[in-house]
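Participant: Structure: work.pdb, PDB, C-alpha atoms.
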ATOM      1  CA  MET A   1      17.362 -30.803 -14.845
ATOM      2  CA  SER A   2      17.846 -32.155 -18.306
ATOM      3  CA  VAL A   3      20.300 -30.523 -20.693
ATOM      4  CA  ASN A   4      18.799 -27.299 -22.001
ATOM      5  CA  PHE A   5      21.642 -25.607 -23.874
ATOM      6  CA  GLY A   6      23.584 -25.927 -27.123
ATOM      7  CA  SER A   7      21.887 -28.172 -29.650
ATOM      8  CA  LYS A   8      19.521 -29.438 -26.915
ATOM      9  CA  ARG A   9      18.220 -25.986 -26.083
ATOM     10  CA  LEU A  10      14.450 -25.852 -25.825
ATOM     11  CA  VAL A  11      13.186 -23.046 -28.013
ATOM     12  CA  VAL A  12       9.516 -23.948 -28.154
ATOM     13  CA  GLY A  13       7.328 -26.204 -26.112
ATOM     14  CA  ALA A  14       4.520 -26.696 -23.671
ATOM     15  CA  HIS A  15       6.664 -25.803 -20.666
ATOM     16  CA  TYR A  16       6.548 -22.094 -21.423
ATOM     17  CA  GLY A  17       2.778 -22.247 -21.283
ATOM     18  CA  LEU A  18       2.866 -24.369 -18.141
ATOM     19  CA  ARG A  19       4.943 -21.771 -16.327
ATOM     20  CA  ASP A  20       2.498 -18.984 -17.211
ATOM     21  CA  TRP A  21      -0.466 -21.180 -16.358
ATOM     22  CA  LEU A  22       0.961 -22.042 -12.948
ATOM     23  CA  ALA A  23       2.015 -18.433 -12.242
ATOM     24  CA  GLN A  24      -1.502 -17.259 -13.057
ATOM     25  CA  ARG A  25      -3.028 -19.770 -10.602
ATOM     26  CA  VAL A  26      -0.596 -19.019  -7.784
ATOM     27  CA  THR A  27      -0.955 -15.232  -8.126
ATOM     28  CA  ALA A  28      -4.751 -15.649  -8.317
ATOM     29  CA  ALA A  29      -4.752 -17.650  -5.080
ATOM     30  CA  VAL A  30      -2.661 -14.966  -3.341
ATOM     31  CA  MET A  31      -5.049 -12.221  -4.474
ATOM     32  CA  ALA A  32      -8.134 -14.257  -3.550
ATOM     33  CA  LEU A  33      -6.848 -14.868   0.000
ATOM     34  CA  PHE A  34      -5.961 -11.169   0.307
ATOM     35  CA  THR A  35      -9.497 -10.240  -0.816
ATOM     36  CA  LEU A  36     -11.054 -12.499   1.809
ATOM     37  CA  LEU A  37      -8.721 -11.096   4.482
ATOM     38  CA  VAL A  38      -9.670  -7.472   3.718
ATOM     39  CA  LEU A  39     -13.342  -8.426   3.404
ATOM     40  CA  ALA A  40     -13.263 -10.166   6.793
ATOM     41  CA  GLN A  41     -11.970  -6.970   8.441
ATOM     42  CA  PHE A  42     -14.916  -5.119   6.913
ATOM     43  CA  ILE A  43     -17.477  -7.673   8.017
ATOM     44  CA  PHE A  44     -16.170  -7.997  11.592
ATOM     45  CA  SER A  45     -15.751  -4.263  12.194
ATOM     46  CA  LYS A  46     -18.393  -2.464  14.196
ATOM     47  CA  GLY A  47     -20.224   0.602  12.961
ATOM     48  CA  PRO A  48     -19.645   2.622   9.784
ATOM     49  CA  ILE A  49     -16.163   2.522   8.296
ATOM     50  CA  GLY A  50     -14.463   5.922   8.266
ATOM     51  CA  TYR A  51     -10.958   6.926   7.318
ATOM     52  CA  ASP A  52      -9.375   5.619  10.543
ATOM     53  CA  GLN A  53     -10.764   2.102  10.216
ATOM     54  CA  TRP A  54      -9.932   1.910   6.511
ATOM     55  CA  ALA A  55      -6.353   3.174   6.858
ATOM     56  CA  GLY A  56      -5.954   1.034   9.981
ATOM     57  CA  ILE A  57      -6.410  -2.120   7.926
ATOM     58  CA  PHE A  58      -3.287  -1.338   5.900
ATOM     59  CA  SER A  59      -1.086   0.258   8.564
ATOM     60  CA  PRO A  60       0.468  -2.855  10.252
ATOM     61  CA  GLN A  61       3.847  -3.733   8.781
ATOM     62  CA  TRP A  62       2.825  -7.324   7.969
ATOM     63  CA  MET A  63      -0.207  -6.022   6.047
ATOM     64  CA  LYS A  64       2.031  -3.657   4.054
ATOM     65  CA  ALA A  65       4.377  -6.523   3.214
ATOM     66  CA  LEU A  66       1.421  -8.716   2.180
ATOM     67  CA  THR A  67      -0.165  -5.931   0.115
ATOM     68  CA  PHE A  68       3.193  -5.394  -1.598
ATOM     69  CA  SER A  69       3.195  -9.073  -2.595
ATOM     70  CA  VAL A  70      -0.366  -8.729  -3.856
ATOM     71  CA  ILE A  71       0.590  -5.742  -6.035
ATOM     72  CA  VAL A  72       3.435  -7.759  -7.584
ATOM     73  CA  ALA A  73       1.111 -10.765  -8.004
ATOM     74  CA  LEU A  74      -1.496  -8.567  -9.694
ATOM     75  CA  ALA A  75       1.019  -7.178 -12.164
ATOM     76  CA  PHE A  76       2.283 -10.664 -13.046
ATOM     77  CA  HIS A  77      -1.260 -12.043 -13.300
ATOM     78  CA  ALA A  78      -2.429  -9.179 -15.512
ATOM     79  CA  TRP A  79       0.642  -9.564 -17.721
ATOM     80  CA  VAL A  80      -0.122 -13.248 -18.389
ATOM     81  CA  GLY A  81      -3.777 -12.482 -19.100
ATOM     82  CA  MET A  82      -3.216  -9.423 -21.280
ATOM     83  CA  ARG A  83      -0.501 -11.208 -23.276
ATOM     84  CA  GLU A  84      -3.025 -13.978 -23.957
ATOM     85  CA  ILE A  85      -5.592 -11.460 -25.160
ATOM     86  CA  TRP A  86      -3.122  -9.721 -27.495
ATOM     87  CA  MET A  87      -1.898 -13.072 -28.848
ATOM     88  CA  ASP A  88      -5.456 -14.210 -29.569
ATOM     89  CA  TYR A  89      -6.863 -11.098 -31.217
ATOM     90  CA  VAL A  90      -3.993  -9.022 -32.585
ATOM     91  CA  LYS A  91      -2.170 -10.505 -35.503
ATOM     92  CA  PRO A  92       0.065  -7.741 -36.939
ATOM     93  CA  VAL A  93       3.429  -8.335 -35.271
ATOM     94  CA  GLY A  94       4.319  -4.651 -34.920
ATOM     95  CA  LEU A  95       1.021  -3.763 -33.271
ATOM     96  CA  ARG A  96       1.200  -6.803 -31.003
ATOM     97  CA  LEU A  97       4.727  -5.913 -29.908
ATOM     98  CA  PHE A  98       3.643  -2.349 -29.238
ATOM     99  CA  LEU A  99       0.640  -3.492 -27.165
ATOM    100  CA  GLN A 100       2.739  -5.957 -25.182
ATOM    101  CA  ALA A 101       5.383  -3.317 -24.464
ATOM    102  CA  PHE A 102       2.617  -0.867 -23.504
ATOM    103  CA  THR A 103       1.105  -3.489 -21.183
ATOM    104  CA  LEU A 104       4.408  -3.935 -19.352
ATOM    105  CA  LEU A 105       4.918  -0.185 -19.058
ATOM    106  CA  TRP A 106       1.339   0.293 -17.818
ATOM    107  CA  LEU A 107       1.649  -2.457 -15.202
ATOM    108  CA  VAL A 108       5.085  -1.405 -13.935
ATOM    109  CA  SER A 109       3.958   2.247 -13.666
ATOM    110  CA  CYS A 110       0.738   1.347 -11.871
ATOM    111  CA  SER A 111       2.599  -0.985  -9.491
ATOM    112  CA  GLY A 112       5.061   1.788  -8.679
ATOM    113  CA  TRP A 113       2.232   4.167  -7.855
ATOM    114  CA  ALA A 114       0.451   1.598  -5.676
ATOM    115  CA  ILE A 115       3.662   0.762  -3.801
ATOM    116  CA  GLN A 116       4.353   4.479  -3.259
ATOM    117  CA  VAL A 117       0.884   4.926  -1.748
ATOM    118  CA  LEU A 118       1.412   1.884   0.469
ATOM    119  CA  TRP A 119       4.832   2.913   1.707
ATOM    120  CA  ARG A 120       4.019   6.437   2.771
ATOM    121  CA  LEU A 121       1.100   5.238   4.859
TER     122      LEU A 121
ATOM    123  CA  MET B   1      -0.375 -39.380 -49.356
ATOM    124  CA  SER B   2       0.055 -35.777 -50.377
ATOM    125  CA  GLU B   3      -0.732 -36.559 -53.995
ATOM    126  CA  SER B   4      -4.006 -38.291 -53.199
ATOM    127  CA  ALA B   5      -5.236 -35.488 -50.908
ATOM    128  CA  PRO B   6      -8.610 -34.185 -52.022
ATOM    129  CA  SER B   7      -8.545 -30.778 -53.666
ATOM    130  CA  SER B   8     -11.203 -29.500 -51.285
ATOM    131  CA  ALA B   9      -8.579 -29.577 -48.518
ATOM    132  CA  GLU B  10      -6.981 -26.531 -50.088
ATOM    133  CA  LYS B  11     -10.126 -24.536 -49.586
ATOM    134  CA  ARG B  12     -10.562 -25.378 -45.923
ATOM    135  CA  PRO B  13     -10.666 -22.221 -43.822
ATOM    136  CA  GLU B  14      -7.745 -21.426 -41.560
ATOM    137  CA  PHE B  15      -8.306 -20.137 -38.047
ATOM    138  CA  ARG B  16      -4.998 -18.730 -36.976
ATOM    139  CA  ASN B  17      -6.306 -15.728 -35.119
ATOM    140  CA  ILE B  18      -9.654 -14.922 -33.630
ATOM    141  CA  HIS B  19     -11.063 -11.862 -35.315
ATOM    142  CA  ALA B  20     -12.916 -10.116 -32.521
ATOM    143  CA  PHE B  21     -15.554  -8.635 -34.830
ATOM    144  CA  ARG B  22     -15.780 -11.108 -37.702
ATOM    145  CA  ASP B  23     -15.489 -14.418 -35.836
ATOM    146  CA  LEU B  24     -16.852 -13.915 -32.340
ATOM    147  CA  PRO B  25     -20.468 -12.989 -33.229
ATOM    148  CA  GLY B  26     -20.797 -16.108 -35.370
ATOM    149  CA  TYR B  27     -19.866 -18.470 -32.554
ATOM    150  CA  ARG B  28     -22.405 -20.425 -30.581
ATOM    151  CA  TRP B  29     -22.339 -19.015 -27.050
ATOM    152  CA  PRO B  30     -23.279 -21.630 -24.412
ATOM    153  CA  PRO B  31     -23.124 -20.432 -20.756
ATOM    154  CA  ALA B  32     -19.540 -21.658 -20.290
ATOM    155  CA  ALA B  33     -18.442 -19.599 -23.287
ATOM    156  CA  VAL B  34     -20.221 -16.512 -21.959
ATOM    157  CA  VAL B  35     -18.442 -16.900 -18.606
ATOM    158  CA  SER B  36     -15.130 -17.337 -20.419
ATOM    159  CA  GLY B  37     -15.695 -14.308 -22.635
ATOM    160  CA  MET B  38     -16.795 -12.191 -19.686
ATOM    161  CA  HIS B  39     -13.750 -13.402 -17.749
ATOM    162  CA  ARG B  40     -11.560 -11.875 -20.440
ATOM    163  CA  ALA B  41     -13.671  -8.749 -20.803
ATOM    164  CA  SER B  42     -13.688  -8.142 -17.029
ATOM    165  CA  GLY B  43      -9.923  -8.686 -16.853
ATOM    166  CA  LEU B  44      -9.342  -6.247 -19.714
ATOM    167  CA  MET B  45     -11.619  -3.699 -18.078
ATOM    168  CA  MET B  46      -9.802  -3.886 -14.744
ATOM    169  CA  PHE B  47      -6.463  -3.636 -16.548
ATOM    170  CA  LEU B  48      -7.553  -0.471 -18.367
ATOM    171  CA  LEU B  49      -9.095   1.033 -15.221
ATOM    172  CA  LEU B  50      -6.041   0.213 -13.079
ATOM    173  CA  PRO B  51      -5.068   3.908 -12.710
ATOM    174  CA  PHE B  52      -8.591   4.677 -11.444
ATOM    175  CA  ILE B  53      -8.402   1.758  -9.000
ATOM    176  CA  ILE B  54      -5.058   2.987  -7.651
ATOM    177  CA  TRP B  55      -6.400   6.532  -7.529
ATOM    178  CA  MET B  56      -9.199   5.207  -5.292
ATOM    179  CA  PHE B  57      -6.633   3.402  -3.114
ATOM    180  CA  ASP B  58      -4.475   6.549  -2.958
ATOM    181  CA  THR B  59      -7.153   9.118  -2.101
ATOM    182  CA  SER B  60      -9.100   6.857   0.257
ATOM    183  CA  ILE B  61      -6.082   5.889   2.337
ATOM    184  CA  SER B  62      -3.521   8.719   2.262
ATOM    185  CA  SER B  63      -5.138  11.251   4.617
ATOM    186  CA  GLU B  64      -8.413  12.481   6.052
ATOM    187  CA  ILE B  65      -8.410  15.324   3.525
ATOM    188  CA  SER B  66      -7.881  13.025   0.554
ATOM    189  CA  PHE B  67     -10.513  10.686   2.012
ATOM    190  CA  ALA B  68     -12.980  13.571   1.857
ATOM    191  CA  ARG B  69     -11.933  14.203  -1.755
ATOM    192  CA  PHE B  70     -12.497  10.516  -2.502
ATOM    193  CA  ARG B  71     -16.020  10.716  -1.098
ATOM    194  CA  SER B  72     -16.888  13.924  -2.893
ATOM    195  CA  ALA B  73     -15.897  12.440  -6.272
ATOM    196  CA  PHE B  74     -18.742   9.950  -5.898
ATOM    197  CA  ASN B  75     -21.193  12.417  -4.406
ATOM    198  CA  LEU B  76     -20.470  15.759  -6.057
ATOM    199  CA  GLY B  77     -18.518  14.582  -9.102
ATOM    200  CA  MET B  78     -15.013  14.985 -10.495
ATOM    201  CA  LEU B  79     -13.337  16.134 -13.745
ATOM    202  CA  GLY B  80     -16.588  17.668 -14.941
ATOM    203  CA  LEU B  81     -18.473  14.396 -14.624
ATOM    204  CA  PRO B  82     -21.281  13.982 -12.070
ATOM    205  CA  GLY B  83     -20.897  11.642  -9.105
ATOM    206  CA  LEU B  84     -23.425   9.267 -10.643
ATOM    207  CA  ILE B  85     -21.055   8.490 -13.527
ATOM    208  CA  TRP B  86     -18.233   7.665 -11.098
ATOM    209  CA  LYS B  87     -20.584   5.468  -9.099
ATOM    210  CA  LEU B  88     -21.493   3.613 -12.298
ATOM    211  CA  VAL B  89     -17.780   3.137 -13.055
ATOM    212  CA  ALA B  90     -17.325   1.772  -9.531
ATOM    213  CA  LEU B  91     -20.342  -0.504 -10.056
ATOM    214  CA  ALA B  92     -18.848  -1.823 -13.304
ATOM    215  CA  LEU B  93     -15.596  -2.512 -11.440
ATOM    216  CA  ILE B  94     -17.493  -4.301  -8.666
ATOM    217  CA  TRP B  95     -19.117  -6.574 -11.251
ATOM    218  CA  ALA B  96     -15.797  -7.113 -13.064
ATOM    219  CA  TYR B  97     -14.017  -8.077  -9.851
ATOM    220  CA  LEU B  98     -16.790 -10.405  -8.674
ATOM    221  CA  HIS B  99     -17.124 -12.103 -12.049
ATOM    222  CA  HIS B 100     -13.374 -12.475 -12.494
ATOM    223  CA  PHE B 101     -13.046 -13.811  -8.917
ATOM    224  CA  LEU B 102     -15.847 -16.363  -9.225
ATOM    225  CA  ALA B 103     -14.926 -17.473 -12.751
ATOM    226  CA  GLY B 104     -11.350 -17.866 -11.482
ATOM    227  CA  LEU B 105     -12.493 -20.086  -8.603
ATOM    228  CA  ARG B 106     -14.390 -22.165 -11.169
ATOM    229  CA  HIS B 107     -11.161 -22.583 -13.128
ATOM    230  CA  LEU B 108      -9.210 -23.592 -10.010
ATOM    231  CA  TRP B 109     -11.897 -26.117  -9.148
ATOM    232  CA  MET B 110     -11.741 -27.616 -12.626
ATOM    233  CA  ASP B 111      -7.934 -27.744 -12.390
ATOM    234  CA  ALA B 112      -8.120 -29.629  -9.108
ATOM    235  CA  SER B 113     -10.984 -32.023  -9.783
ATOM    236  CA  HIS B 114     -11.320 -34.450 -12.670
ATOM    237  CA  ALA B 115     -14.978 -34.922 -11.772
ATOM    238  CA  ALA B 116     -15.566 -31.219 -12.485
ATOM    239  CA  VAL B 117     -14.327 -31.533 -16.070
ATOM    240  CA  SER B 118     -17.588 -32.498 -17.716
ATOM    241  CA  LYS B 119     -20.092 -30.879 -20.034
ATOM    242  CA  GLU B 120     -22.759 -30.847 -17.317
ATOM    243  CA  PHE B 121     -20.529 -29.266 -14.686
ATOM    244  CA  GLY B 122     -19.251 -26.769 -17.239
ATOM    245  CA  LYS B 123     -22.783 -25.582 -17.847
ATOM    246  CA  SER B 124     -24.126 -25.667 -14.294
ATOM    247  CA  SER B 125     -21.050 -23.988 -12.779
ATOM    248  CA  ALA B 126     -21.132 -21.313 -15.488
ATOM    249  CA  LEU B 127     -24.754 -20.522 -14.637
ATOM    250  CA  ILE B 128     -23.891 -20.401 -10.918
ATOM    251  CA  VAL B 129     -20.964 -18.034 -11.582
ATOM    252  CA  MET B 130     -23.110 -15.685 -13.670
ATOM    253  CA  SER B 131     -26.030 -15.606 -11.247
ATOM    254  CA  MET B 132     -23.758 -15.144  -8.211
ATOM    255  CA  SER B 133     -21.714 -12.362  -9.795
ATOM    256  CA  VAL B 134     -24.799 -10.474 -10.955
ATOM    257  CA  GLY B 135     -26.608 -11.108  -7.650
ATOM    258  CA  LEU B 136     -23.714  -9.896  -5.501
ATOM    259  CA  THR B 137     -23.247  -6.895  -7.808
ATOM    260  CA  LEU B 138     -26.890  -5.947  -7.211
ATOM    261  CA  VAL B 139     -26.451  -6.317  -3.427
ATOM    262  CA  LEU B 140     -23.282  -4.186  -3.351
ATOM    263  CA  GLY B 141     -24.683  -1.781  -5.942
ATOM    264  CA  ALA B 142     -27.698  -1.143  -3.718
ATOM    265  CA  LYS B 143     -25.263  -0.260  -0.928
ATOM    266  CA  LEU B 144     -23.253   1.971  -3.281
ATOM    267  CA  PHE B 145     -26.357   3.904  -4.287
ATOM    268  CA  GLY B 146     -27.533   4.193  -0.677
ATOM    269  CA  ILE B 147     -30.637   2.013  -0.945
ATOM    270  CA  TYR B 148     -29.895   0.425   2.470
TER     271      TYR B 148
END
Take the structure I supplied and represent it as structure tokens, if you would.
Facilitator:
Amino acid sequence: MSVNFGSKRLVVGAHYGLRDWLAQRVTAAVMALFTLLVLAQFIFSKGPIGYDQWAGIFSPQWMKALTFSVIVALAFHAWVGMREIWMDYVKPVGLRLFLQAFTLLWLVSCSGWAIQVLWRL
Amino acid sequence: MSESAPSSAEKRPEFRNIHAFRDLPGYRWPPAAVVSGMHRASGLMMFLLLPFIIWMFDTSISSEISFARFRSAFNLGMLGLPGLIWKLVALALIWAYLHHFLAGLRHLWMDASHAAVSKEFGKSSALIVMSMSVGLTLVLGAKLFGIY
């Protein structure tokens, strides 16, 4: 790593955007694979899907661990996207800060709820 | 250089922020722009409806009793709203997810392939994304409303 402190500290630059861009792609890929995995269990199941079949998809420990990762990925992905929207359309700094803080609160709260549901299964 | 700059340069408009109501309607909207705009709109919609999505996950998966409650919300209604309204919300979410998913795959493809970064591909892939997302929404919507 190059020197990134003192007078050489990077305060602006394309790398911040690159990190978000890459994070958005990686989290999207994780969610897309998860979607196909859940969809495949629907397609290859026989007969109508009741509660048992549906809950059964999420009950194995590996599926819980994977779903946990997907919840975290979703929160990160939505944060990058929502931040972009606020930065593009909301100019007043105070309002933008409020919306960004609200977005984080919203995503962390929703993630907590989803993880709670997952872990008591 | 600065002294010889034409005075008209001072009057050039500045575009520092996109005004959602003043600027967006005046843009030209080719298919790629529509897909891009809908990508944002669908993402925003899913973000705002996140509590409803998690509510669906919660009630459908927690127990047989909550599963029955989940079903009745879409058949008999919930919170004073008829089941039809909740089905329409679910349908909107189905479209949002499909569009966001397919438009995202289009982005990943364009990231990975230089050949895909062209005006022609931008247009044709945008039309494919829109027709596939609407088509699949109709297929799943028919299932949601019990047509097959």
Participant: Can you pull out the residues contacting stretch 50-63 of chain A? Cut-off 9 Å, using all atoms listed in the file, and skip same-chain residues under 2 positions away; I want them as number ranges by chain.
Facilitator: A: 38, 41-42, 45, 48, 65-68, 118, 121; B: 60-64, 67-68
Participant: Chain A near chain B within 8 Å: what's each residue's closest atom pair and its distance in Å to one decimal, counting all atoms listed in the file, ordered by chain then ascending residue number, as a tab-separated table?
Facilitator:
residue	atom	partner	partner_atom	distance
A:Arg25	CA	B:Leu108	CA	7.3
A:Ala28	CA	B:Gly104	CA	7.6
A:Ala32	CA	B:Phe101	CA	7.3
A:Tyr51	CA	B:Glu64	CA	6.2
A:Trp54	CA	B:Ile61	CA	6.9
A:Ala55	CA	B:Ile61	CA	5.3
A:Ala78	CA	B:Phe47	CA	6.9
A:Gly81	CA	B:Gly43	CA	7.6
A:Met82	CA	B:Leu44	CA	7.1
A:Ile85	CA	B:Arg40	CA	7.6
A:Asp88	CA	B:Asn17	CA	5.8
A:Tyr89	CA	B:Ile18	CA	5.3
A:Val90	CA	B:Asn17	CA	7.5
A:Lys91	CA	B:Asn17	CA	6.7
A:Cys110	CA	B:Pro51	CA	6.4
A:Trp113	CA	B:Ile54	CA	7.4
A:Ala114	CA	B:Ile54	CA	6.0
A:Val117	CA	B:Asp58	CA	5.7
A:Arg120	CA	B:Ser62	CA	7.9
A:Leu121	CA	B:Ser62	CA	6.3
Participant: Distance atom CA of A:Val80-atom CA of A:Trp21, one decimal place?
Facilitator: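 We find that atom CA of A:Val80 and atom CA of A:Trp21 lie 8.2 Å from each other.
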Participant: Could you pull out every residue with an atom within 6 Å of (-15.7, -4.8, -16.4), file coordinates, counting all atoms listed in the file, and send them as a list in words?
Facilitator: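 The answer, in the requested form, is Ser42, Met45, Ala92, Leu93 and Ala96 of chain B.
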Participant: Provide the atom CA of B:Val35 to atom CA of B:Ala112 distance in Å, to one decimal place.
Facilitator: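 Distance reported for this atom pair: 18.9 Å.
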Participant: Which polymer residues have any atom within 9 Å of an atom of B:Ser125, counting all atoms listed in the file, with same-chain residues fewer than 2 positions away left out, as a list of chain:residue names?
Facilitator: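 These residues fall inside the cut-off: B:Pro31, B:Ala32, B:Ala103, B:Arg106, B:Glu120, B:Phe121, B:Gly122, B:Lys123, B:Leu127, B:Ile128, B:Val129, B:Met130.
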Participant: Rounded to one decimal place, report the atom CA of B:Met110-atom CA of A:Asp20 distance in Å.
Facilitator: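 Those two atoms sit 17.3 Å apart.
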Participant: When the PyMOL selection byres ((chain B and resi 83) around 12) is applied to the structure above, which residues does it catch, written out as a list in words?
Facilitator: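 Output of the PyMOL selection byres ((chain B and resi 83) around 12): Arg69, Phe70, Arg71, Ser72, Ala73, Phe74, Asn75, Leu76, Gly77, Met78, Leu79, Gly80, Leu81, Pro82, Leu84, Ile85, Trp86, Lys87, Leu88, Val89, Ala90, Leu144 and Phe145 of chain B.
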Participant: From the list B:Leu24, B:Ala116, B:Ile94, B:Ile147, which residue is nearest B:Gly135 when using only C-alpha atoms?
Facilitator: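 So, comparing all the options, the nearest one is B:Ile94.
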Participant: Can you tell me, as a list of chain:residue names, what residues are no more than 12 Å from A:Ala101 when counting only C-alpha atoms, ignoring any on the same chain fewer than 6 positions away?
Facilitator: A:Trp79, A:Met82, A:Arg83, A:Trp86, A:Gly94, A:Leu95, A:Leu107, A:Val108
